[in-house]
>>> print(open('run.pdb').read())   # PDB, C-alpha atoms
ATOM      1  CA  MET Z  94       0.000   0.000   0.000
ATOM      2  CA  SER Z  95       1.428   3.360  -0.996
ATOM      3  CA  ASN Z  96       1.530   6.411   1.278
ATOM      4  CA  VAL Z  97      -0.910   9.288   0.800
ATOM      5  CA  GLY Z  98       0.681  12.127  -1.192
ATOM      6  CA  ILE Z  99       0.924  15.655   0.212
ATOM      7  CA  VAL Z 100       0.671  18.796  -1.927
ATOM      8  CA  ILE Z 101       1.465  22.233  -0.507
ATOM      9  CA  VAL Z 102      -0.088  25.258  -2.258
ATOM     10  CA  SER Z 103       0.840  28.748  -1.104
ATOM     11  CA  HIS Z 104       0.554  32.177  -2.706
ATOM     12  CA  SER Z 105       4.289  32.455  -2.031
ATOM     13  CA  PRO Z 106       6.783  29.976  -3.533
ATOM     14  CA  LEU Z 107       9.049  30.670  -0.547
ATOM     15  CA  VAL Z 108       6.343  29.642   1.934
ATOM     16  CA  ALA Z 109       5.483  26.534  -0.115
ATOM     17  CA  GLU Z 110       9.094  25.440  -0.491
ATOM     18  CA  GLY Z 111       9.884  26.190   3.158
ATOM     19  CA  THR Z 112       6.885  24.169   4.305
ATOM     20  CA  ALA Z 113       8.000  21.278   2.089
ATOM     21  CA  ASP Z 114      11.503  21.510   3.624
ATOM     22  CA  MET Z 115       9.994  21.191   7.095
ATOM     23  CA  VAL Z 116       7.998  18.135   6.038
ATOM     24  CA  ARG Z 117      11.083  16.480   4.535
ATOM     25  CA  GLN Z 118      13.230  17.157   7.603
ATOM     26  CA  MET Z 119      10.598  16.246  10.189
ATOM     27  CA  VAL Z 120       8.885  13.356   8.442
ATOM     28  CA  GLY Z 121      11.319  11.956   5.887
ATOM     29  CA  ASP Z 122      11.274  10.884   2.275
ATOM     30  CA  GLU Z 123       8.752   8.067   2.108
ATOM     31  CA  VAL Z 124       5.762  10.383   1.668
ATOM     32  CA  PRO Z 125       5.163  11.619  -1.909
ATOM     33  CA  LEU Z 126       5.442  15.404  -1.627
ATOM     34  CA  ALA Z 127       5.122  18.328  -4.027
ATOM     35  CA  TRP Z 128       4.671  22.080  -3.650
ATOM     36  CA  CYS Z 129       3.787  25.041  -5.787
ATOM     37  CA  GLY Z 130       3.458  28.756  -5.172
ATOM     38  CA  GLY Z 131       3.293  31.993  -7.096
ATOM     39  CA  ASN Z 132       1.087  33.037  -9.982
ATOM     40  CA  GLY Z 133       3.393  31.741 -12.723
ATOM     41  CA  HIS Z 134       4.298  35.294 -13.738
ATOM     42  CA  GLY Z 135       6.718  36.093 -10.945
ATOM     43  CA  GLY Z 136       4.146  37.456  -8.503
ATOM     44  CA  LEU Z 137       2.315  36.148  -5.474
ATOM     45  CA  GLY Z 138      -0.676  33.933  -6.219
ATOM     46  CA  THR Z 139      -1.569  30.410  -7.211
ATOM     47  CA  SER Z 140      -1.914  28.745 -10.598
ATOM     48  CA  VAL Z 141      -4.355  25.973 -11.438
ATOM     49  CA  GLU Z 142      -1.899  24.552 -13.962
ATOM     50  CA  ALA Z 143       0.907  24.445 -11.367
ATOM     51  CA  ILE Z 144      -1.404  22.815  -8.811
ATOM     52  CA  MET Z 145      -2.396  20.136 -11.342
ATOM     53  CA  GLY Z 146       1.323  19.520 -11.961
ATOM     54  CA  ALA Z 147       2.039  19.230  -8.232
ATOM     55  CA  ILE Z 148      -0.820  16.741  -7.797
ATOM     56  CA  ASP Z 149       0.652  14.643 -10.628
ATOM     57  CA  LYS Z 150       4.066  14.768  -8.996
ATOM     58  CA  ALA Z 151       2.805  13.722  -5.551
ATOM     59  CA  TRP Z 152       0.233  11.278  -6.939
ATOM     60  CA  SER Z 153      -0.324   8.114  -4.973
ATOM     61  CA  GLU Z 154      -2.888   5.367  -5.436
ATOM     62  CA  ALA Z 155      -3.735   6.010  -1.766
ATOM     63  CA  GLY Z 156      -4.765   9.565  -2.689
ATOM     64  CA  VAL Z 157      -3.485  13.097  -2.210
ATOM     65  CA  ALA Z 158      -4.123  15.643   0.559
ATOM     66  CA  ILE Z 159      -3.680  19.320  -0.402
ATOM     67  CA  LEU Z 160      -2.738  21.981   2.157
ATOM     68  CA  VAL Z 161      -3.449  25.602   1.181
ATOM     69  CA  ASP Z 162      -2.937  29.067   2.647
ATOM     70  CA  LEU Z 163      -5.374  31.858   1.702
ATOM     71  CA  GLY Z 164      -8.773  31.695  -0.044
ATOM     72  CA  GLY Z 165      -7.545  31.877  -3.636
ATOM     73  CA  ALA Z 166      -5.296  28.869  -3.066
ATOM     74  CA  GLU Z 167      -8.335  26.891  -1.924
ATOM     75  CA  THR Z 168     -10.478  28.017  -4.892
ATOM     76  CA  ASN Z 169      -7.700  27.215  -7.371
ATOM     77  CA  SER Z 170      -6.999  23.841  -5.746
ATOM     78  CA  GLU Z 171     -10.682  22.867  -5.960
ATOM     79  CA  MET Z 172     -10.672  23.929  -9.614
ATOM     80  CA  ALA Z 173      -7.558  21.816 -10.256
ATOM     81  CA  VAL Z 174      -9.192  18.761  -8.686
ATOM     82  CA  GLU Z 175     -12.283  19.259 -10.842
ATOM     83  CA  MET Z 176     -10.202  19.589 -13.996
ATOM     84  CA  ILE Z 177      -8.218  16.439 -13.185
ATOM     85  CA  GLY Z 178     -11.603  14.721 -12.982
ATOM     86  CA  GLU Z 179     -12.473  11.138 -12.189
ATOM     87  CA  PRO Z 180     -11.244   8.500 -11.543
ATOM     88  CA  ARG Z 181      -8.636  10.451  -9.537
ATOM     89  CA  ALA Z 182     -10.679  13.429  -8.276
ATOM     90  CA  HIS Z 183     -12.465  11.555  -5.472
ATOM     91  CA  ARG Z 184      -9.074  10.561  -4.065
ATOM     92  CA  ILE Z 185      -7.874  14.176  -3.764
ATOM     93  CA  VAL Z 186      -8.937  16.305  -0.782
ATOM     94  CA  VAL Z 187      -8.321  20.006  -0.143
ATOM     95  CA  CYS Z 188      -7.792  20.193   3.632
ATOM     96  CA  ASN Z 189      -9.179  22.853   5.921
ATOM     97  CA  ALA Z 190      -6.108  23.314   8.094
ATOM     98  CA  PRO Z 191      -3.236  25.743   8.699
ATOM     99  CA  ILE Z 192      -0.707  25.143   5.928
ATOM    100  CA  VAL Z 193       2.513  24.494   7.874
ATOM    101  CA  GLU Z 194       1.122  22.530  10.800
ATOM    102  CA  GLY Z 195      -1.350  20.790   8.507
ATOM    103  CA  ALA Z 196       1.335  19.659   6.079
ATOM    104  CA  VAL Z 197       3.618  18.332   8.820
ATOM    105  CA  MET Z 198       0.797  16.531  10.660
ATOM    106  CA  ALA Z 199      -0.752  15.119   7.479
ATOM    107  CA  ALA Z 200       2.646  13.888   6.274
ATOM    108  CA  THR Z 201       3.379  12.333   9.663
ATOM    109  CA  GLU Z 202       0.074  10.467   9.526
ATOM    110  CA  SER Z 203       0.725   9.437   5.924
ATOM    111  CA  SER Z 204       4.226   8.149   6.706
ATOM    112  CA  GLY Z 205       2.654   5.677   9.133
ATOM    113  CA  GLY Z 206       0.549   4.238   6.298
ATOM    114  CA  ALA Z 207      -2.747   5.911   7.234
ATOM    115  CA  SER Z 208      -5.610   6.156   4.733
ATOM    116  CA  LEU Z 209      -6.512   9.416   2.975
ATOM    117  CA  LYS Z 210      -9.503   9.777   5.315
ATOM    118  CA  GLU Z 211      -7.271   9.465   8.390
ATOM    119  CA  VAL Z 212      -4.676  11.867   6.988
ATOM    120  CA  VAL Z 213      -7.327  14.490   6.233
ATOM    121  CA  ALA Z 214      -8.984  14.039   9.652
ATOM    122  CA  THR Z 215      -5.630  14.623  11.369
ATOM    123  CA  ALA Z 216      -5.110  17.863   9.430
ATOM    124  CA  HIS Z 217      -8.665  19.025  10.122
ATOM    125  CA  GLU Z 218      -8.190  18.562  13.877
ATOM    126  CA  LEU Z 219      -5.779  21.519  13.746
ATOM    127  CA  SER Z 220      -8.455  23.826  12.402
ATOM    128  CA  PRO Z 221     -10.477  25.910  14.878
ATOM    129  CA  SER Z 222     -14.078  24.758  14.474
TER     130      SER Z 222
ATOM    131  CA  MET D 247     -24.638  30.284 -33.661
ATOM    132  CA  ALA D 248     -22.385  30.834 -36.678
ATOM    133  CA  ALA D 249     -18.654  30.505 -36.085
ATOM    134  CA  SER D 250     -18.129  34.095 -37.213
ATOM    135  CA  ASP D 251     -20.635  35.277 -34.580
ATOM    136  CA  PHE D 252     -18.776  33.456 -31.802
ATOM    137  CA  SER D 253     -15.498  34.963 -33.045
ATOM    138  CA  ARG D 254     -17.034  38.425 -32.858
ATOM    139  CA  LEU D 255     -18.226  37.787 -29.288
ATOM    140  CA  ILE D 256     -14.724  36.764 -28.211
ATOM    141  CA  ALA D 257     -13.179  39.792 -29.916
ATOM    142  CA  ALA D 258     -15.698  42.144 -28.284
ATOM    143  CA  ALA D 259     -15.047  40.625 -24.844
ATOM    144  CA  ALA D 260     -11.265  40.823 -25.247
ATOM    145  CA  ASP D 261     -11.514  44.395 -26.597
ATOM    146  CA  THR D 262     -13.503  45.705 -23.644
ATOM    147  CA  ILE D 263     -11.256  44.002 -21.081
ATOM    148  CA  ALA D 264      -8.138  45.396 -22.802
ATOM    149  CA  ALA D 265      -9.653  48.886 -23.035
ATOM    150  CA  HIS D 266     -10.551  48.890 -19.328
ATOM    151  CA  ALA D 267      -7.579  46.945 -17.925
ATOM    152  CA  ASP D 268      -6.097  49.998 -16.213
ATOM    153  CA  GLU D 269      -9.453  50.916 -14.675
ATOM    154  CA  LEU D 270      -9.926  47.336 -13.387
ATOM    155  CA  THR D 271      -6.452  47.358 -11.896
ATOM    156  CA  ALA D 272      -7.133  50.700 -10.194
ATOM    157  CA  LEU D 273     -10.369  49.335  -8.703
ATOM    158  CA  ASP D 274      -8.521  46.244  -7.475
ATOM    159  CA  GLN D 275      -5.672  48.325  -6.045
ATOM    160  CA  ALA D 276      -8.181  50.168  -3.851
ATOM    161  CA  ILE D 277      -9.486  47.066  -2.062
ATOM    162  CA  GLY D 278      -7.736  43.993  -3.487
ATOM    163  CA  ASP D 279      -4.260  43.022  -4.581
ATOM    164  CA  GLY D 280      -4.192  45.153  -7.718
ATOM    165  CA  ASP D 281      -3.746  42.512 -10.397
ATOM    166  CA  HIS D 282      -7.294  42.099 -11.716
ATOM    167  CA  GLY D 283      -6.935  44.206 -14.876
ATOM    168  CA  LEU D 284      -3.671  42.607 -15.938
ATOM    169  CA  ASN D 285      -4.896  39.101 -15.108
ATOM    170  CA  MET D 286      -8.158  39.464 -17.022
ATOM    171  CA  LYS D 287      -6.384  41.029 -19.990
ATOM    172  CA  ARG D 288      -3.870  38.179 -20.130
ATOM    173  CA  GLY D 289      -6.694  35.632 -20.008
ATOM    174  CA  PHE D 290      -8.896  37.217 -22.635
ATOM    175  CA  GLU D 291      -5.933  37.847 -24.958
ATOM    176  CA  ALA D 292      -5.119  34.127 -24.660
ATOM    177  CA  VAL D 293      -8.723  33.356 -25.608
ATOM    178  CA  ARG D 294      -8.572  35.853 -28.477
ATOM    179  CA  ALA D 295      -5.443  34.145 -29.810
ATOM    180  CA  GLU D 296      -7.454  30.953 -30.318
ATOM    181  CA  LYS D 297     -10.801  32.483 -31.195
ATOM    182  CA  ASP D 298     -11.105  30.938 -34.646
ATOM    183  CA  ALA D 299     -10.289  27.451 -33.358
ATOM    184  CA  PHE D 300     -12.805  27.890 -30.524
ATOM    185  CA  ALA D 301     -15.462  29.319 -32.864
ATOM    186  CA  ALA D 302     -15.194  26.261 -35.115
ATOM    187  CA  LYS D 303     -16.520  24.100 -32.249
ATOM    188  CA  SER D 304     -20.166  23.662 -31.267
ATOM    189  CA  LEU D 305     -21.431  26.366 -28.872
ATOM    190  CA  PRO D 306     -21.178  24.124 -25.765
ATOM    191  CA  ASP D 307     -17.654  22.968 -26.628
ATOM    192  CA  ALA D 308     -16.563  26.495 -27.548
ATOM    193  CA  LEU D 309     -17.757  27.853 -24.186
ATOM    194  CA  LYS D 310     -16.011  25.033 -22.322
ATOM    195  CA  ALA D 311     -12.790  25.756 -24.220
ATOM    196  CA  VAL D 312     -13.030  29.460 -23.356
ATOM    197  CA  GLY D 313     -13.607  28.588 -19.695
ATOM    198  CA  THR D 314     -10.682  26.178 -19.543
ATOM    199  CA  LYS D 315      -8.390  28.728 -21.193
ATOM    200  CA  LEU D 316      -9.435  31.394 -18.658
ATOM    201  CA  VAL D 317      -8.803  29.016 -15.734
ATOM    202  CA  MET D 318      -5.307  28.341 -17.013
ATOM    203  CA  THR D 319      -4.318  31.885 -17.948
ATOM    204  CA  VAL D 320      -6.112  34.490 -15.813
ATOM    205  CA  GLY D 321      -4.492  33.455 -12.546
ATOM    206  CA  GLY D 322      -5.611  34.541  -9.121
ATOM    207  CA  ALA D 323      -9.013  33.415  -7.943
ATOM    208  CA  SER D 324     -10.646  35.180 -10.914
ATOM    209  CA  GLY D 325      -9.442  32.463 -13.310
ATOM    210  CA  PRO D 326     -11.461  29.657 -11.710
ATOM    211  CA  LEU D 327     -14.440  31.969 -11.087
ATOM    212  CA  PHE D 328     -14.771  33.353 -14.628
ATOM    213  CA  GLY D 329     -13.640  30.010 -16.041
ATOM    214  CA  THR D 330     -16.356  28.191 -14.104
ATOM    215  CA  LEU D 331     -18.971  30.616 -15.471
ATOM    216  CA  PHE D 332     -18.075  29.763 -19.085
ATOM    217  CA  MET D 333     -17.473  26.047 -18.450
ATOM    218  CA  ALA D 334     -20.839  25.720 -16.707
ATOM    219  CA  LEU D 335     -22.620  27.590 -19.526
ATOM    220  CA  GLY D 336     -20.995  25.179 -21.974
ATOM    221  CA  LYS D 337     -22.123  22.218 -19.907
ATOM    222  CA  GLU D 338     -25.725  23.425 -19.653
ATOM    223  CA  LEU D 339     -26.380  24.805 -23.151
ATOM    224  CA  SER D 340     -27.439  22.909 -26.236
ATOM    225  CA  PRO D 341     -25.818  23.858 -29.582
ATOM    226  CA  ALA D 342     -28.696  26.213 -30.522
ATOM    227  CA  PRO D 343     -30.426  27.408 -27.344
ATOM    228  CA  ASP D 344     -33.503  29.662 -27.274
ATOM    229  CA  ARG D 345     -33.867  32.467 -24.750
ATOM    230  CA  ALA D 346     -35.516  30.228 -22.131
ATOM    231  CA  ALA D 347     -32.699  27.687 -22.394
ATOM    232  CA  LEU D 348     -30.097  30.460 -22.168
ATOM    233  CA  THR D 349     -31.791  31.850 -19.055
ATOM    234  CA  ALA D 350     -31.917  28.436 -17.393
ATOM    235  CA  ALA D 351     -28.267  27.761 -18.272
ATOM    236  CA  LEU D 352     -27.166  31.128 -16.866
ATOM    237  CA  GLY D 353     -29.023  30.341 -13.644
ATOM    238  CA  LYS D 354     -27.127  27.069 -13.286
ATOM    239  CA  ALA D 355     -23.821  28.710 -14.236
ATOM    240  CA  ILE D 356     -24.369  31.347 -11.528
ATOM    241  CA  ALA D 357     -24.973  28.541  -9.025
ATOM    242  CA  ALA D 358     -21.687  26.944 -10.136
ATOM    243  CA  VAL D 359     -19.784  30.233  -9.649
ATOM    244  CA  SER D 360     -21.474  30.658  -6.272
ATOM    245  CA  ALA D 361     -20.337  27.159  -5.232
ATOM    246  CA  ARG D 362     -16.801  27.698  -6.551
ATOM    247  CA  GLY D 363     -16.411  30.960  -4.626
ATOM    248  CA  LYS D 364     -18.496  29.824  -1.620
ATOM    249  CA  SER D 365     -20.323  33.129  -1.973
ATOM    250  CA  GLN D 366     -23.805  34.562  -2.410
ATOM    251  CA  PRO D 367     -25.140  37.782  -3.955
ATOM    252  CA  GLY D 368     -24.797  40.725  -1.530
ATOM    253  CA  GLN D 369     -21.154  40.001  -0.675
ATOM    254  CA  LYS D 370     -19.638  42.522  -3.134
ATOM    255  CA  THR D 371     -18.574  40.127  -5.898
ATOM    256  CA  MET D 372     -19.256  39.316  -9.560
ATOM    257  CA  LEU D 373     -22.402  37.508  -8.370
ATOM    258  CA  ASP D 374     -23.927  40.912  -7.603
ATOM    259  CA  VAL D 375     -23.891  41.600 -11.354
ATOM    260  CA  LEU D 376     -24.671  38.099 -12.600
ATOM    261  CA  GLN D 377     -27.829  37.733 -10.527
ATOM    262  CA  PRO D 378     -29.539  40.951 -11.826
ATOM    263  CA  VAL D 379     -28.474  40.020 -15.371
ATOM    264  CA  TYR D 380     -30.152  36.647 -14.925
ATOM    265  CA  GLU D 381     -33.309  38.352 -13.643
ATOM    266  CA  ALA D 382     -33.350  40.832 -16.545
ATOM    267  CA  LEU D 383     -32.906  37.979 -18.997
ATOM    268  CA  ALA D 384     -35.732  36.042 -17.346
ATOM    269  CA  GLN D 385     -37.989  39.114 -17.496
ATOM    270  CA  GLY D 386     -37.564  39.390 -21.263
ATOM    271  CA  LYS D 387     -35.563  42.635 -21.197
ATOM    272  CA  THR D 388     -33.776  43.777 -24.369
ATOM    273  CA  ALA D 389     -30.026  43.391 -24.793
ATOM    274  CA  SER D 390     -29.377  47.069 -24.068
ATOM    275  CA  GLU D 391     -31.626  46.978 -20.978
ATOM    276  CA  ILE D 392     -29.662  43.951 -19.742
ATOM    277  CA  ALA D 393     -26.365  45.796 -20.292
ATOM    278  CA  ASP D 394     -27.727  48.783 -18.344
ATOM    279  CA  ALA D 395     -28.882  46.495 -15.546
ATOM    280  CA  ALA D 396     -25.347  45.089 -15.346
ATOM    281  CA  ASP D 397     -23.815  48.572 -15.099
ATOM    282  CA  HIS D 398     -26.274  49.609 -12.374
ATOM    283  CA  ALA D 399     -25.547  46.400 -10.502
ATOM    284  CA  ALA D 400     -21.790  47.024 -10.636
ATOM    285  CA  ASP D 401     -22.370  50.588  -9.353
ATOM    286  CA  ALA D 402     -24.477  49.139  -6.556
ATOM    287  CA  THR D 403     -21.444  47.238  -5.209
ATOM    288  CA  VAL D 404     -19.838  50.586  -4.196
ATOM    289  CA  PRO D 405     -21.645  50.939  -0.835
ATOM    290  CA  MET D 406     -21.462  47.199  -0.070
ATOM    291  CA  LYS D 407     -19.105  45.709   2.505
ATOM    292  CA  ALA D 408     -16.977  42.925   1.019
ATOM    293  CA  LEU D 409     -17.583  39.554   2.635
ATOM    294  CA  ARG D 410     -15.596  37.345   0.240
ATOM    295  CA  GLY D 411     -12.206  37.529  -1.435
ATOM    296  CA  ARG D 412      -9.208  39.677  -0.649
ATOM    297  CA  ALA D 413     -11.353  42.792  -0.170
ATOM    298  CA  SER D 414     -13.096  41.137   2.786
ATOM    299  CA  PHE D 415      -9.844  41.497   4.773
ATOM    300  CA  LEU D 416     -10.539  45.243   4.753
ATOM    301  CA  GLY D 417     -13.990  44.916   6.324
ATOM    302  CA  GLU D 418     -15.626  48.341   6.609
ATOM    303  CA  ARG D 419     -12.850  49.940   4.565
ATOM    304  CA  SER D 420     -14.068  48.061   1.477
ATOM    305  CA  ILE D 421     -17.155  50.307   1.513
ATOM    306  CA  GLY D 422     -17.031  53.141  -1.025
ATOM    307  CA  HIS D 423     -15.197  51.252  -3.777
ATOM    308  CA  MET D 424     -16.655  49.331  -6.715
ATOM    309  CA  ASP D 425     -15.803  45.638  -6.794
ATOM    310  CA  ALA D 426     -13.394  44.965  -9.663
ATOM    311  CA  GLY D 427     -14.931  41.571 -10.488
ATOM    312  CA  ALA D 428     -18.403  43.118 -10.623
ATOM    313  CA  ARG D 429     -17.087  45.791 -12.989
ATOM    314  CA  SER D 430     -15.382  43.294 -15.308
ATOM    315  CA  THR D 431     -18.548  41.178 -15.353
ATOM    316  CA  ALA D 432     -20.624  44.228 -16.341
ATOM    317  CA  LEU D 433     -18.105  45.062 -19.085
ATOM    318  CA  LEU D 434     -18.400  41.534 -20.477
ATOM    319  CA  VAL D 435     -22.200  41.611 -20.314
ATOM    320  CA  ARG D 436     -22.273  44.911 -22.249
ATOM    321  CA  ALA D 437     -19.832  43.588 -24.855
ATOM    322  CA  VAL D 438     -21.971  40.481 -25.389
ATOM    323  CA  ALA D 439     -25.237  42.456 -25.433
ATOM    324  CA  GLU D 440     -23.984  45.001 -27.975
ATOM    325  CA  THR D 441     -22.515  42.294 -30.191
ATOM    326  CA  VAL D 442     -25.672  40.173 -30.100
ATOM    327  CA  GLU D 443     -27.758  43.224 -31.051
ATOM    328  CA  GLY D 444     -25.778  43.402 -34.283
ATOM    329  CA  PHE D 445     -26.422  39.764 -35.261
TER     330      PHE D 445
END
>>> encode(input="run.pdb", output="structure tokens")
Amino acid sequence: MSNVGIVIVSHSPLVAEGTADMVRQMVGDEVPLAWCGGNGHGGLGTSVEAIMGAIDKAWSEAGVAILVDLGGAETNSEMAVEMIGEPRAHRIVVCNAPIVEGAVMAATESSGGASLKEVVATAHELSPS
Amino acid sequence: MAASDFSRLIAAAADTIAAHADELTALDQAIGDGDHGLNMKRGFEAVRAEKDAFAAKSLPDALKAVGTKLVMTVGGASGPLFGTLFMALGKELSPAPDRAALTAALGKAIAAVSARGKSQPGQKTMLDVLQPVYEALAQGKTASEIADAADHAADATVPMKALRGRASFLGERSIGHMDAGARSTALLVRAVAETVEGF
């Protein structure tokens, strides 16, 4: 059974890459991991095309959990999932969790072989309800 | 719809966005992140570049292609929001819709945009223009009356407090500025209305 993939989507490539660094150092290499950030034109923002690429890169048969920062990152991630379509879309979840803590906790859960549902639930526990 | 008509619609939409790009950016600088004009212009120029290929498709497929291109090129949250509008219209419309079918499809496309943005009319967004346009279309208004309704609706976002998007971070300070997405939606509605009148 493969580990759930983690995708980090920030408006800032520096935040996304830094968050991915933390995941690698704290959790290790067995979790498929990809990040993207920036609008593709050198500015802050997120790009649907880049998010689709990151999902491909972190793809796992066990599914992919996406961690986002601000609203536009969530909207663009949901759009990317819709454009990827079935049969993969139902195995991709955009998490409602703080991006750094969410990514580290989700990756930790994934590294232990947890299911997508368990990984997402762990990330969601970090979110104030 | 003839391919040449669809080409003219794309050209009219791209023209109005290009002509008002600086104004849209200024509106967005007041209460957003200041990239709306440039982003929309980039997206609609990308659509314009492929207008003949898009126009050769059936109306539903052409609208879906426009939507997908906007998603991929506009950037920001506007790409998925405007892209969803066109993609949903393409999904709902038949190749030769009558006015009733167009009205019904617009209603469903507005619901899709609302779901994508997790927003409702009254929150100072493009929905505040789309909803009155839908109502005017349903009431049998003429193309120029629909364009006027869109302009009035965009003006009516000035006193609203933003509840969604970047402008919502400003809270009360968003009051007194027109929403850039509402303005670009009204521009597109007028471009379509004036082009259709000439068919």
>>> closest_atom_pairs(input="run.pdb", of="chain Z", to="chain D", cutoff="6 Å", atoms="all atoms listed in the file", output="tab-separated table")
residue	atom	partner	partner_atom	distance
Z:Gly138	CA	D:Gly322	CA	5.8
Z:Ser140	CA	D:Gly321	CA	5.7
Z:Glu142	CA	D:Met318	CA	5.9
Z:Gly165	CA	D:Ala323	CA	4.8
>>> write_last_selection(input="run.pdb", atoms="C-alpha atoms", output="JSON list (two decimals), in the frame of the given file")
[["chain", "number", "residue", "atom", "x", "y", "z"],
["Z", 138, "GLY", "CA", -0.68, 33.93, -6.22],
["Z", 140, "SER", "CA", -1.91, 28.74, -10.60],
["Z", 142, "GLU", "CA", -1.90, 24.55, -13.96],
["Z", 165, "GLY", "CA", -7.54, 31.88, -3.64]]
>>> resolve_selection(input="run.pdb", expression="the PyMOL selection byres ((chain D and resi 440) around 12)", output="list in words")
Arg254, Leu255, Ala258, Ala259, Thr262, Thr388, Ala389, Ser390, Glu391, Ile392, Ala393, Asp394, Leu433, Leu434, Val435, Arg436, Ala437, Val438, Ala439, Thr441, Val442, Glu443, Gly444 and Phe445 of chain D
>>> write_last_selection(input="run.pdb", atoms="C-alpha atoms", output="PDB file, in the frame of the given file")
ATOM      1  CA  ARG D 254     -17.034  38.425 -32.858  1.00  0.00           C
ATOM      2  CA  LEU D 255     -18.226  37.787 -29.288  1.00  0.00           C
ATOM      3  CA  ALA D 258     -15.698  42.144 -28.284  1.00  0.00           C
ATOM      4  CA  ALA D 259     -15.047  40.625 -24.844  1.00  0.00           C
ATOM      5  CA  THR D 262     -13.503  45.705 -23.644  1.00  0.00           C
ATOM      6  CA  THR D 388     -33.776  43.777 -24.369  1.00  0.00           C
ATOM      7  CA  ALA D 389     -30.026  43.391 -24.793  1.00  0.00           C
ATOM      8  CA  SER D 390     -29.377  47.069 -24.068  1.00  0.00           C
ATOM      9  CA  GLU D 391     -31.626  46.978 -20.978  1.00  0.00           C
ATOM     10  CA  ILE D 392     -29.662  43.951 -19.742  1.00  0.00           C
ATOM     11  CA  ALA D 393     -26.365  45.796 -20.292  1.00  0.00           C
ATOM     12  CA  ASP D 394     -27.727  48.783 -18.344  1.00  0.00           C
ATOM     13  CA  LEU D 433     -18.105  45.062 -19.085  1.00  0.00           C
ATOM     14  CA  LEU D 434     -18.400  41.534 -20.477  1.00  0.00           C
ATOM     15  CA  VAL D 435     -22.200  41.611 -20.314  1.00  0.00           C
ATOM     16  CA  ARG D 436     -22.273  44.911 -22.249  1.00  0.00           C
ATOM     17  CA  ALA D 437     -19.832  43.588 -24.855  1.00  0.00           C
ATOM     18  CA  VAL D 438     -21.971  40.481 -25.389  1.00  0.00           C
ATOM     19  CA  ALA D 439     -25.237  42.456 -25.433  1.00  0.00           C
ATOM     20  CA  THR D 441     -22.515  42.294 -30.191  1.00  0.00           C
ATOM     21  CA  VAL D 442     -25.672  40.173 -30.100  1.00  0.00           C
ATOM     22  CA  GLU D 443     -27.758  43.224 -31.051  1.00  0.00           C
ATOM     23  CA  GLY D 444     -25.778  43.402 -34.283  1.00  0.00           C
ATOM     24  CA  PHE D 445     -26.422  39.764 -35.261  1.00  0.00           C
TER      25      PHE D 445
END
>>> residues_near_point(input="run.pdb", point="(6.0, 23.2, 5.1)", cutoff="12 Å", atoms="all atoms listed in the file", output="ChimeraX atom specification")
/Z:99-103,105-120,126-130,159-162,191-200
>>> resolve_selection(input="run.pdb", expression="the PyMOL selection byres ((chain D and resi 294) around 10)", output="PyMOL selection string")
chain D and resi 253-261+288-293+295-300+312
>>> write_last_selection(input="run.pdb", atoms="C-alpha atoms", output="short mmCIF file (atom, residue, chain, number, x, y, z; two decimals), in the coordinates of the input")
data_model
loop_
_atom_site.label_atom_id
_atom_site.label_comp_id
_atom_site.auth_asym_id
_atom_site.auth_seq_id
_atom_site.Cartn_x
_atom_site.Cartn_y
_atom_site.Cartn_z
CA SER D 253 -15.50 34.96 -33.04
CA ARG D 254 -17.03 38.42 -32.86
CA LEU D 255 -18.23 37.79 -29.29
CA ILE D 256 -14.72 36.76 -28.21
CA ALA D 257 -13.18 39.79 -29.92
CA ALA D 258 -15.70 42.14 -28.28
CA ALA D 259 -15.05 40.62 -24.84
CA ALA D 260 -11.26 40.82 -25.25
CA ASP D 261 -11.51 44.40 -26.60
CA ARG D 288 -3.87 38.18 -20.13
CA GLY D 289 -6.69 35.63 -20.01
CA PHE D 290 -8.90 37.22 -22.64
CA GLU D 291 -5.93 37.85 -24.96
CA ALA D 292 -5.12 34.13 -24.66
CA VAL D 293 -8.72 33.36 -25.61
CA ALA D 295 -5.44 34.15 -29.81
CA GLU D 296 -7.45 30.95 -30.32
CA LYS D 297 -10.80 32.48 -31.20
CA ASP D 298 -11.10 30.94 -34.65
CA ALA D 299 -10.29 27.45 -33.36
CA PHE D 300 -12.80 27.89 -30.52
CA VAL D 312 -13.03 29.46 -23.36
#
>>> atom_distance(input="run.pdb", atom1="atom CA of His217 of chain Z", atom2="atom CA of Leu163 of chain Z")
15.7 Å
>>> decode(input="run.pdb", residues="segment 270-275 of chain D", atoms="N, CA and C atoms", output="mmCIF file, in the first residue's frame")
data_model
loop_
_atom_site.group_PDB
_atom_site.id
_atom_site.type_symbol
_atom_site.label_atom_id
_atom_site.label_comp_id
_atom_site.auth_asym_id
_atom_site.auth_seq_id
_atom_site.Cartn_x
_atom_site.Cartn_y
_atom_site.Cartn_z
ATOM 1 N N LEU D 270 -9.703 48.514 -14.241
ATOM 2 C CA LEU D 270 -9.926 47.336 -13.387
ATOM 3 C C LEU D 270 -8.806 47.185 -12.369
ATOM 4 N N THR D 271 -7.592 47.446 -12.811
ATOM 5 C CA THR D 271 -6.452 47.358 -11.896
ATOM 6 C C THR D 271 -6.563 48.409 -10.803
ATOM 7 N N ALA D 272 -6.984 49.635 -11.188
ATOM 8 C CA ALA D 272 -7.133 50.700 -10.194
ATOM 9 C C ALA D 272 -8.206 50.328 -9.163
ATOM 10 N N LEU D 273 -9.318 49.760 -9.635
ATOM 11 C CA LEU D 273 -10.369 49.335 -8.703
ATOM 12 C C LEU D 273 -9.822 48.275 -7.747
ATOM 13 N N ASP D 274 -9.048 47.337 -8.285
ATOM 14 C CA ASP D 274 -8.521 46.244 -7.475
ATOM 15 C C ASP D 274 -7.436 46.743 -6.519
ATOM 16 N N GLN D 275 -6.701 47.789 -6.944
ATOM 17 C CA GLN D 275 -5.672 48.325 -6.045
ATOM 18 C C GLN D 275 -6.300 48.959 -4.815
#
